[in-house]
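Engineer: Structure file structure_12.csv (CSV, C-alpha atoms and all ligand atoms) right here:
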chain,number,residue,atom,x,y,z
A,206,MET,CA,-219.7,-45.1,189.1
A,207,SER,CA,-217.9,-47.6,186.9
A,208,ALA,CA,-214.5,-47.3,185.2
A,209,LEU,CA,-214.3,-44.8,182.4
A,210,GLU,CA,-212.0,-43.5,179.8
A,211,GLY,CA,-211.4,-39.8,179.4
A,212,LYS,CA,-208.8,-37.1,178.9
A,213,ILE,CA,-207.0,-35.1,181.5
A,214,THR,CA,-208.0,-31.5,181.0
A,215,LYS,CA,-206.6,-29.9,184.1
A,216,GLY,CA,-204.1,-30.8,186.8
A,217,VAL,CA,-203.5,-28.9,190.0
A,218,GLY,CA,-201.4,-30.2,192.9
A,219,GLY,CA,-201.8,-33.9,192.2
A,220,LEU,CA,-205.5,-33.6,191.5
A,221,TYR,CA,-206.6,-34.2,187.9
A,222,THR,CA,-209.7,-33.2,186.1
A,223,VAL,CA,-210.7,-36.0,183.6
A,224,THR,CA,-213.3,-35.3,181.0
A,225,ASP,CA,-215.1,-38.1,179.2
A,226,ALA,CA,-216.6,-38.3,175.7
A,227,SER,CA,-219.9,-37.0,177.0
A,228,GLY,CA,-218.3,-33.9,178.3
A,229,SER,CA,-218.7,-34.7,182.0
A,230,SER,CA,-215.8,-34.3,184.4
A,231,LEU,CA,-214.4,-36.0,187.4
A,232,THR,CA,-211.7,-35.1,189.8
A,233,CYS,CA,-209.1,-37.9,190.1
A,234,LYS,CA,-205.9,-38.8,191.7
A,235,ALA,CA,-203.2,-40.9,190.1
A,236,ARG,CA,-202.4,-44.5,191.1
A,237,GLY,CA,-199.4,-44.3,193.5
A,238,VAL,CA,-197.3,-46.8,191.4
A,239,PHE,CA,-197.0,-44.4,188.5
A,240,ARG,CA,-194.0,-42.7,190.0
A,241,LYS,CA,-192.0,-45.9,190.1
A,242,GLU,CA,-192.8,-46.5,186.4
A,243,ASN,CA,-191.7,-43.0,185.6
A,244,ILE,CA,-195.0,-42.0,184.2
A,245,THR,CA,-196.4,-38.7,185.2
A,246,PRO,CA,-199.9,-38.2,183.9
A,247,CYS,CA,-200.2,-34.8,182.2
A,248,ILE,CA,-202.7,-32.6,180.5
A,249,GLY,CA,-204.0,-34.2,177.3
A,250,ASP,CA,-203.3,-37.7,178.4
A,251,ASN,CA,-206.0,-40.2,177.6
A,252,VAL,CA,-206.5,-42.3,180.7
A,253,LEU,CA,-208.5,-45.0,182.3
A,254,VAL,CA,-210.2,-44.1,185.6
A,255,SER,CA,-211.3,-46.6,188.2
A,256,GLU,CA,-214.6,-46.6,190.1
A,257,ASP,CA,-213.0,-44.8,193.0
A,258,ASN,CA,-211.6,-42.0,190.8
A,259,ILE,CA,-208.1,-43.2,190.5
A,260,ILE,CA,-206.2,-42.9,187.2
A,261,GLU,CA,-205.3,-46.5,186.6
A,262,ALA,CA,-203.6,-46.3,183.2
A,263,VAL,CA,-202.2,-43.7,180.8
A,264,PHE,CA,-202.7,-44.7,177.2
A,265,PRO,CA,-199.8,-44.4,174.7
A,266,ARG,CA,-199.1,-40.8,173.6
A,267,LYS,CA,-199.1,-39.5,170.1
A,268,ASN,CA,-196.8,-36.7,171.1
A,269,ILE,CA,-195.8,-34.6,174.1
A,270,LEU,CA,-194.6,-31.1,174.7
A,271,VAL,CA,-191.8,-31.0,177.3
A,272,ARG,CA,-192.4,-27.8,179.2
A,273,PRO,CA,-195.0,-27.5,180.4
A,274,PRO,CA,-196.0,-31.1,179.6
A,275,VAL,CA,-199.0,-31.5,177.4
A,276,ALA,CA,-199.7,-34.7,175.5
A,277,ASN,CA,-201.7,-35.6,172.3
A,278,ILE,CA,-202.0,-32.4,170.4
A,279,ASP,CA,-203.8,-33.0,167.1
A,280,TYR,CA,-204.0,-29.6,165.5
A,281,LEU,CA,-202.1,-26.3,165.7
A,282,GLY,CA,-203.9,-23.1,165.0
A,283,ILE,CA,-201.2,-20.6,164.2
A,284,ILE,CA,-202.4,-17.1,164.7
A,285,VAL,CA,-200.8,-14.2,163.0
A,286,SER,CA,-202.0,-10.7,162.9
A,287,ALA,CA,-202.2,-8.9,159.5
A,288,GLU,CA,-201.2,-5.7,161.3
A,289,ARG,CA,-199.9,-4.7,164.7
A,290,PRO,CA,-197.7,-6.7,164.9
A,291,VAL,CA,-197.0,-7.3,161.2
A,292,ALA,CA,-197.1,-11.1,160.5
A,293,ASP,CA,-193.7,-12.8,160.9
A,294,THR,CA,-193.8,-15.5,158.2
A,295,LEU,CA,-190.5,-17.0,159.3
A,296,MET,CA,-192.0,-17.7,162.7
A,297,LEU,CA,-195.2,-19.0,161.0
A,298,ASP,CA,-193.1,-21.5,159.0
A,299,LYS,CA,-191.1,-22.5,162.0
A,300,LEU,CA,-194.3,-23.3,163.8
A,301,THR,CA,-195.6,-25.4,160.8
A,302,VAL,CA,-192.3,-27.3,160.9
A,303,SER,CA,-192.6,-27.9,164.6
A,304,ALA,CA,-196.2,-29.1,164.1
A,305,TYR,CA,-195.3,-31.5,161.3
A,306,CYS,CA,-192.3,-32.9,163.3
A,307,MET,CA,-194.8,-33.8,166.1
A,308,ASN,CA,-197.4,-35.2,163.8
A,309,ILE,CA,-199.7,-32.2,164.3
A,310,GLU,CA,-201.7,-30.7,161.5
A,311,PRO,CA,-201.3,-26.9,161.3
A,312,PHE,CA,-203.7,-24.3,160.1
A,313,VAL,CA,-203.5,-20.5,160.0
A,314,ILE,CA,-205.7,-17.7,161.3
A,315,ILE,CA,-205.0,-14.2,160.0
A,316,ASN,CA,-206.4,-12.1,162.8
A,317,LYS,CA,-207.0,-8.3,163.1
A,318,CYS,CA,-208.3,-8.1,159.5
A,319,ASP,CA,-210.4,-5.1,160.7
A,320,ILE,CA,-207.3,-2.9,160.8
A,321,ALA,CA,-205.4,-4.5,158.0
A,322,SER,CA,-205.2,-3.4,154.3
A,323,ALA,CA,-206.2,-6.0,151.6
A,324,ASN,CA,-202.5,-6.0,150.7
A,325,ASP,CA,-201.3,-7.0,154.2
A,326,ILE,CA,-203.8,-9.9,154.2
A,327,GLU,CA,-202.9,-10.9,150.6
A,328,ARG,CA,-199.2,-11.1,151.5
A,329,ILE,CA,-199.9,-13.8,154.0
A,330,GLN,CA,-202.3,-15.7,151.8
A,331,LYS,CA,-199.8,-15.6,148.9
A,332,HIS,CA,-197.1,-16.8,151.3
A,333,LEU,CA,-199.2,-20.0,151.9
A,334,PHE,CA,-200.1,-20.4,148.2
A,335,GLY,CA,-199.5,-24.0,147.0
A,336,THR,CA,-199.6,-25.5,150.5
A,337,ASN,CA,-202.6,-27.4,151.8
A,338,ILE,CA,-202.6,-25.3,155.0
A,339,GLU,CA,-206.0,-24.0,155.6
A,340,CYS,CA,-206.0,-20.2,156.1
A,341,ILE,CA,-208.9,-18.3,157.8
A,342,THR,CA,-209.2,-14.6,157.9
A,343,ALA,CA,-210.8,-13.2,161.1
A,344,ASP,CA,-211.0,-10.4,163.5
A,345,CYS,CA,-212.2,-10.2,167.1
A,346,VAL,CA,-213.8,-6.7,166.8
A,347,THR,CA,-216.6,-7.5,164.3
A,348,GLU,CA,-216.1,-11.2,165.0
A,349,SER,CA,-216.0,-11.9,161.3
A,350,GLY,CA,-214.4,-15.3,160.6
A,351,ILE,CA,-215.1,-16.6,164.1
A,352,GLU,CA,-217.8,-18.9,162.8
A,353,ALA,CA,-215.4,-20.1,160.1
A,354,ILE,CA,-212.9,-20.9,162.9
A,355,LYS,CA,-215.5,-22.7,164.9
A,356,SER,CA,-216.6,-24.9,162.1
A,357,SER,CA,-213.1,-25.8,161.1
A,358,LEU,CA,-212.2,-27.1,164.5
A,359,LYS,CA,-212.1,-30.9,164.5
A,360,LYS,CA,-212.6,-33.6,167.1
A,361,GLY,CA,-209.4,-33.8,169.2
A,362,VAL,CA,-207.1,-31.2,170.7
A,363,THR,CA,-206.3,-27.9,169.0
A,364,ALA,CA,-203.6,-25.8,170.4
A,365,PHE,CA,-203.3,-22.1,169.4
A,366,ALA,CA,-199.9,-20.5,169.0
A,367,GLY,CA,-198.4,-17.3,167.7
A,368,GLN,CA,-196.4,-14.3,168.7
A,369,SER,CA,-197.4,-12.2,171.7
A,370,GLY,CA,-200.1,-9.6,170.9
A,371,VAL,CA,-201.6,-11.3,167.8
A,372,GLY,CA,-204.9,-12.0,169.6
A,373,LYS,CA,-204.6,-15.6,170.8
A,374,THR,CA,-206.4,-14.9,174.1
A,375,SER,CA,-209.0,-12.8,172.3
A,376,ILE,CA,-209.8,-15.6,169.8
A,377,ILE,CA,-209.9,-18.3,172.4
A,378,SER,CA,-212.3,-16.3,174.4
A,379,THR,CA,-214.7,-16.1,171.5
A,380,LEU,CA,-214.6,-19.9,171.1
A,381,LEU,CA,-215.3,-20.8,174.7
A,382,PRO,CA,-218.8,-21.5,175.9
A,383,GLU,CA,-220.3,-18.9,178.1
A,384,ALA,CA,-219.7,-20.8,181.3
A,385,GLU,CA,-216.0,-20.7,180.6
A,386,LEU,CA,-215.7,-17.0,179.6
A,387,GLU,CA,-214.9,-16.1,183.2
A,388,VAL,CA,-212.0,-18.5,183.1
A,389,GLY,CA,-210.8,-16.9,180.0
A,390,GLN,CA,-210.8,-13.5,181.6
A,391,LEU,CA,-209.2,-14.8,184.7
A,392,SER,CA,-206.4,-16.5,182.8
A,393,LYS,CA,-205.9,-13.2,180.9
A,394,LYS,CA,-205.2,-11.6,184.2
A,395,LEU,CA,-203.0,-14.4,185.4
A,396,GLU,CA,-201.0,-14.2,182.3
A,397,ARG,CA,-199.3,-11.0,183.5
A,398,GLY,CA,-197.6,-12.8,186.3
A,399,ARG,CA,-196.9,-15.7,184.1
A,400,HIS,CA,-193.2,-16.1,184.7
A,401,THR,CA,-194.0,-17.9,188.0
A,402,THR,CA,-196.7,-20.4,186.9
A,403,ARG,CA,-197.5,-21.5,183.4
A,404,HIS,CA,-201.1,-22.4,183.6
A,405,VAL,CA,-202.3,-24.9,180.9
A,406,GLU,CA,-205.8,-26.2,180.6
A,407,LEU,CA,-207.8,-27.9,177.9
A,408,HIS,CA,-211.2,-26.3,177.3
A,409,ASN,CA,-213.9,-28.7,176.2
A,410,ILE,CA,-216.1,-26.8,173.7
A,411,GLY,CA,-218.3,-29.8,172.9
A,412,ASP,CA,-218.4,-32.6,170.2
A,413,GLY,CA,-215.1,-33.9,171.5
A,414,ILE,CA,-213.3,-30.7,170.6
A,415,PHE,CA,-210.7,-29.4,173.1
A,416,ILE,CA,-208.8,-26.1,172.7
A,417,MET,CA,-205.9,-24.6,174.5
A,418,ASP,CA,-203.5,-21.7,174.5
A,419,THR,CA,-200.1,-23.1,173.8
A,420,PRO,CA,-197.3,-23.0,176.2
A,421,GLY,CA,-195.2,-22.6,173.0
A,422,PHE,CA,-192.9,-25.2,171.5
A,423,SER,CA,-189.3,-25.4,172.7
A,424,ARG,CA,-186.5,-26.7,170.5
A,425,TYR,CA,-186.4,-29.8,172.5
A,426,ASP,CA,-189.9,-30.7,171.4
A,427,SER,CA,-189.9,-30.1,167.9
A,428,GLU,CA,-187.0,-29.0,165.7
A,429,ALA,CA,-186.3,-30.9,162.6
A,430,ALA,CA,-183.3,-33.1,163.2
A,431,ASP,CA,-181.7,-32.8,159.8
A,432,LEU,CA,-182.3,-31.3,156.3
A,433,LYS,CA,-184.2,-34.4,155.1
A,434,GLN,CA,-186.7,-34.1,158.0
A,435,LEU,CA,-186.9,-30.4,157.4
A,436,ALA,CA,-187.8,-30.9,153.7
A,437,ASP,CA,-190.5,-33.4,154.8
A,438,CYS,CA,-192.0,-30.6,156.9
A,439,PHE,CA,-192.6,-28.7,153.7
A,440,PRO,CA,-195.3,-31.1,152.3
A,441,GLU,CA,-195.7,-29.0,149.1
A,442,PHE,CA,-192.2,-30.2,148.1
A,443,ALA,CA,-193.4,-33.8,147.9
A,444,ALA,CA,-194.9,-33.5,144.5
A,445,PHE,CA,-191.5,-32.5,143.1
A,446,ASN,CA,-188.7,-33.9,145.1
A,447,LYS,CA,-188.7,-37.3,143.3
A,448,LYS,CA,-187.9,-35.5,140.1
A,449,CYS,CA,-184.7,-33.9,141.4
A,450,ALA,CA,-181.6,-35.1,139.7
A,451,PHE,CA,-180.0,-36.2,143.0
A,452,ASN,CA,-181.7,-38.7,145.2
A,453,SER,CA,-180.4,-36.9,148.3
A,454,CYS,CA,-181.2,-33.4,147.0
A,455,THR,CA,-181.6,-30.9,149.8
A,456,HIS,CA,-183.1,-28.4,147.2
A,457,ILE,CA,-180.6,-25.8,148.2
A,458,HIS,CA,-177.5,-25.8,146.0
A,459,GLU,CA,-177.9,-28.8,143.7
A,460,PRO,CA,-178.4,-28.5,140.0
A,461,GLU,CA,-181.5,-29.9,138.3
A,462,CYS,CA,-183.6,-29.5,141.4
A,463,ALA,CA,-187.3,-29.9,140.7
A,464,VAL,CA,-188.3,-28.1,143.8
A,465,LYS,CA,-186.3,-25.0,142.9
A,466,GLU,CA,-187.8,-25.2,139.4
A,467,ALA,CA,-191.3,-25.3,140.9
A,468,VAL,CA,-190.4,-22.2,142.9
A,469,GLN,CA,-189.2,-20.4,139.7
A,470,ASN,CA,-192.5,-21.4,138.0
A,471,GLU,CA,-194.4,-20.0,141.0
A,472,ILE,CA,-196.0,-23.4,141.8
A,473,ILE,CA,-194.3,-23.4,145.2
A,474,SER,CA,-194.4,-20.2,147.3
A,475,LYS,CA,-191.1,-18.4,146.9
A,476,THR,CA,-191.3,-16.9,150.4
A,477,ARG,CA,-191.9,-20.3,152.0
A,478,TYR,CA,-188.9,-21.6,150.0
A,479,GLU,CA,-186.8,-18.7,151.2
A,480,ASN,CA,-187.8,-19.5,154.8
A,481,TYR,CA,-186.9,-23.2,154.2
A,482,ILE,CA,-183.4,-22.0,153.3
A,483,LYS,CA,-183.2,-19.9,156.4
A,484,ILE,CA,-184.3,-22.7,158.7
A,485,ALA,CA,-181.9,-25.1,156.9
A,486,GLU,CA,-179.0,-22.7,157.6
A,487,GLN,CA,-180.0,-22.7,161.2
A,488,ILE,CA,-180.0,-26.4,161.4
A,489,LYS,CA,-176.6,-26.6,159.7
A,490,SER,CA,-175.0,-24.1,162.0
A,491,ARG,CA,-176.5,-25.8,165.0
A,492,LYS,CA,-174.9,-29.1,163.9
A,493,ALA,CA,-171.6,-27.3,163.6
A,494,VAL,CA,-171.9,-26.1,167.2
A,495,TYR,CA,-172.9,-29.5,168.7
A,496,LYS,CA,-170.5,-31.7,166.7
B,501,LIG,N1,-208.2,-4.3,166.1
B,501,LIG,C1,-208.1,-5.6,166.6
B,501,LIG,N2,-207.5,-5.7,167.8
B,501,LIG,C2,-207.4,-7.0,168.3
B,501,LIG,C3,-208.0,-8.1,167.6
B,501,LIG,N3,-207.7,-9.2,168.4
B,501,LIG,C4,-207.1,-8.8,169.5
B,501,LIG,N4,-206.9,-7.5,169.5
B,501,LIG,C5,-206.2,-6.7,170.5
B,501,LIG,O1,-204.8,-7.0,170.4
B,501,LIG,C6,-204.2,-7.0,171.7
B,501,LIG,C7,-203.6,-8.3,172.1
B,501,LIG,O2,-204.6,-9.3,172.1
B,501,LIG,P1,-204.4,-10.7,173.0
B,501,LIG,O3,-205.6,-11.5,172.7
B,501,LIG,O4,-204.1,-10.4,174.4
B,501,LIG,O5,-203.2,-11.3,172.2
B,501,LIG,P2,-202.2,-12.5,172.7
B,501,LIG,O6,-201.0,-11.9,173.3
B,501,LIG,O7,-201.9,-13.2,171.4
B,501,LIG,O8,-203.0,-13.4,173.6
B,501,LIG,C8,-205.4,-6.6,172.7
B,501,LIG,O9,-205.3,-5.3,172.9
B,501,LIG,C9,-206.6,-7.0,171.9
B,501,LIG,O10,-207.7,-6.2,172.3
B,501,LIG,C10,-208.6,-7.9,166.4
B,501,LIG,O11,-209.1,-8.8,165.7
B,501,LIG,N5,-208.6,-6.6,165.9
B,502,MG,MG,-202.6,-14.2,175.5
B,503,ZN,ZN,-184.2,-30.7,144.9
Would you write out, as structure tokens, the structure that this file holds?
Structural biologist:
Amino acid sequence: MSALEGKITKGVGGLYTVTDASGSSLTCKARGVFRKENITPCIGDNVLVSEDNIIEAVFPRKNILVRPPVANIDYLGIIVSAERPVADTLMLDKLTVSAYCMNIEPFVIINKCDIASANDIERIQKHLFGTNIECITADCVTESGIEAIKSSLKKGVTAFAGQSGVGKTSIISTLLPEAELEVGQLSKKLERGRHTTRHVELHNIGDGIFIMDTPGFSRYDSEAADLKQLADCFPEFAAFNKKCAFNSCTHIHEPECAVKEAVQNEIISKTRYENYIKIAEQIKSRKAVYK
């Protein structure tokens, strides 16, 4: 077998599974020298594998989560449930901020629509009004919306995140090919004892599409460093912020703020803006602590 390029989809005890563009997998070891260079290959890495199944090179990373290490996430599917638990839009917006900070494109799945009222669903849709964040309604009981999720998945790695109990494992199971269903069920069981090992794996569902349950973002990965970066993580502000009276406008307390005006005119979602203020407060108080 000749040298090939692929993506690390699994790593257990120094053995890596590398999956190539055609979907076939190899078990590989890493070249010994990596340790000296301080490179540890991780899940999601795009790598070059030699003829004798040795990982020879790790290609530059687009992004990396720290713990557990996962590289090169392209899309973040933020799952909220319309009911049980009621959607936490602040958490949703924090996840979109984390995603944008890491150059990841977020989208939202409103799950459990089978038990939610139209009002509950609308509240979340209204929250996202004015953004270009795709929002899919779904449920795992009738499987409505599952096809829509499938067809919205793009080439690359999609990680799914959301608070516990929203249906992440349920949705991921519906997306896995049959051969992997067992893995899904197994990892569901493993999850109960998860405080010991955090098992991460990329599932190849064909056409170059990989999905994973997220380990979750930590603040070390992905918090906005300052208010400027935070505002950039609300892309819907971009159409207005150049019209603010002050160049350095933070859109919080300044007069003649075009962003605040757009909120008043209901062009920018008021609840998203309110969450922007809340996250900004947190960034400011964090600065005060670490100064
Ligand atoms: N009614 C309803 N229940 C769901 C749906 N999706 C998941 N559940 C249930 O919600 C609970 C949590 O689901 P799970 O997939 O484990 O959530 P996770 O913690 O986000 O991985 C389980 O009891 C699921 O059976 C749904 O669309 N509708
Ligand atoms: Mg789960
Ligand atoms: Zn402003």
Engineer: Using all atoms listed in the file, find the one residue out of A:Val313, A:Ile488, A:Leu380, A:Ala262 that sits nearest to Gly411 (chain A).
Structural biologist: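 Between A:Val313, A:Ile488, A:Leu380, A:Ala262, the residue approaching Gly411 (chain A) most closely is A:Leu380.
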Engineer: Counting only C-alpha atoms, what is within 10 Å of Cys247 (chain A), bar same-chain residues fewer than 2 positions away, as a ChimeraX atom specification?
Structural biologist: /A:212-216,221,244-245,249-252,263,269,273-276
Engineer: Now that the selection is made, can you save its residues with C-alpha atoms as a compact mmCIF listing (two decimals), in the coordinates of the input?
Structural biologist:
# COMPACT_ATOMS: atom_id res chain seq x y z
CA LYS A 212 -208.80 -37.10 178.90
CA ILE A 213 -207.00 -35.10 181.50
CA THR A 214 -208.00 -31.50 181.00
CA LYS A 215 -206.60 -29.90 184.10
CA GLY A 216 -204.10 -30.80 186.80
CA TYR A 221 -206.60 -34.20 187.90
CA ILE A 244 -195.00 -42.00 184.20
CA THR A 245 -196.40 -38.70 185.20
CA GLY A 249 -204.00 -34.20 177.30
CA ASP A 250 -203.30 -37.70 178.40
CA ASN A 251 -206.00 -40.20 177.60
CA VAL A 252 -206.50 -42.30 180.70
CA VAL A 263 -202.20 -43.70 180.80
CA ILE A 269 -195.80 -34.60 174.10
CA PRO A 273 -195.00 -27.50 180.40
CA PRO A 274 -196.00 -31.10 179.60
CA VAL A 275 -199.00 -31.50 177.40
CA ALA A 276 -199.70 -34.70 175.50
Engineer: Within 9 Å of ligand ZN 503 (chain B), which residues of chain A come that close, and what is the closest atom pair and distance in Å for each? Count all atoms listed in the file and give it as a tab-separated table.
Structural biologist:
residue	atom	partner	partner_atom	distance
A:Phe442	CA	B:ZN503	ZN	8.6
A:Phe445	CA	B:ZN503	ZN	7.7
A:Asn446	CA	B:ZN503	ZN	5.5
A:Lys447	CA	B:ZN503	ZN	8.1
A:Lys448	CA	B:ZN503	ZN	7.7
A:Cys449	CA	B:ZN503	ZN	4.8
A:Ala450	CA	B:ZN503	ZN	7.3
A:Phe451	CA	B:ZN503	ZN	7.2
A:Asn452	CA	B:ZN503	ZN	8.4
A:Ser453	CA	B:ZN503	ZN	8.0
A:Cys454	CA	B:ZN503	ZN	4.5
A:Thr455	CA	B:ZN503	ZN	5.6
A:His456	CA	B:ZN503	ZN	3.4
A:Ile457	CA	B:ZN503	ZN	6.9
A:His458	CA	B:ZN503	ZN	8.4
A:Glu459	CA	B:ZN503	ZN	6.7
A:Pro460	CA	B:ZN503	ZN	7.9
A:Glu461	CA	B:ZN503	ZN	7.2
A:Cys462	CA	B:ZN503	ZN	3.7
A:Ala463	CA	B:ZN503	ZN	5.3
A:Val464	CA	B:ZN503	ZN	5.0
A:Lys465	CA	B:ZN503	ZN	6.4
A:Glu466	CA	B:ZN503	ZN	8.6
Engineer: Please return as a ChimeraX atom specification the residues found within 12 Å of ligand LIG 501 (chain B), counting only C-alpha atoms and all ligand atoms.
Structural biologist: /A:282-290,314-321,342-351,365-379,389-390,392-397,417-421
Engineer: Determine the nearest neighbour of Glu428 (chain A) from the options A:Ile414, A:Val302, A:Val362, A:Ile341, counting all atoms listed in the file.
Structural biologist: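 Of the candidates, the smallest distance to Glu428 (chain A) is held by A:Val302.
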Engineer: Tell me, in Å to one decimal, how far CA of Glu210 (chain A) is from CA of Asp225 (chain A).
Structural biologist: 6.3 Å
Engineer: Point out the residue among A:Val405, A:Leu435, A:Ile338, A:Ala292 with the least atom-to-atom distance to ligand MG 502 (chain B), counting only C-alpha atoms and all ligand atoms.
Structural biologist: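 Checking each candidate against ligand MG 502 (chain B), we get A:Val405 as the closest.
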Engineer: Hey, can you check how far CA of Ile354 (chain A) sits from CA of Ile410 (chain A)?
Structural biologist: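 CA of Ile354 (chain A) sits 12.7 Å away from CA of Ile410 (chain A).
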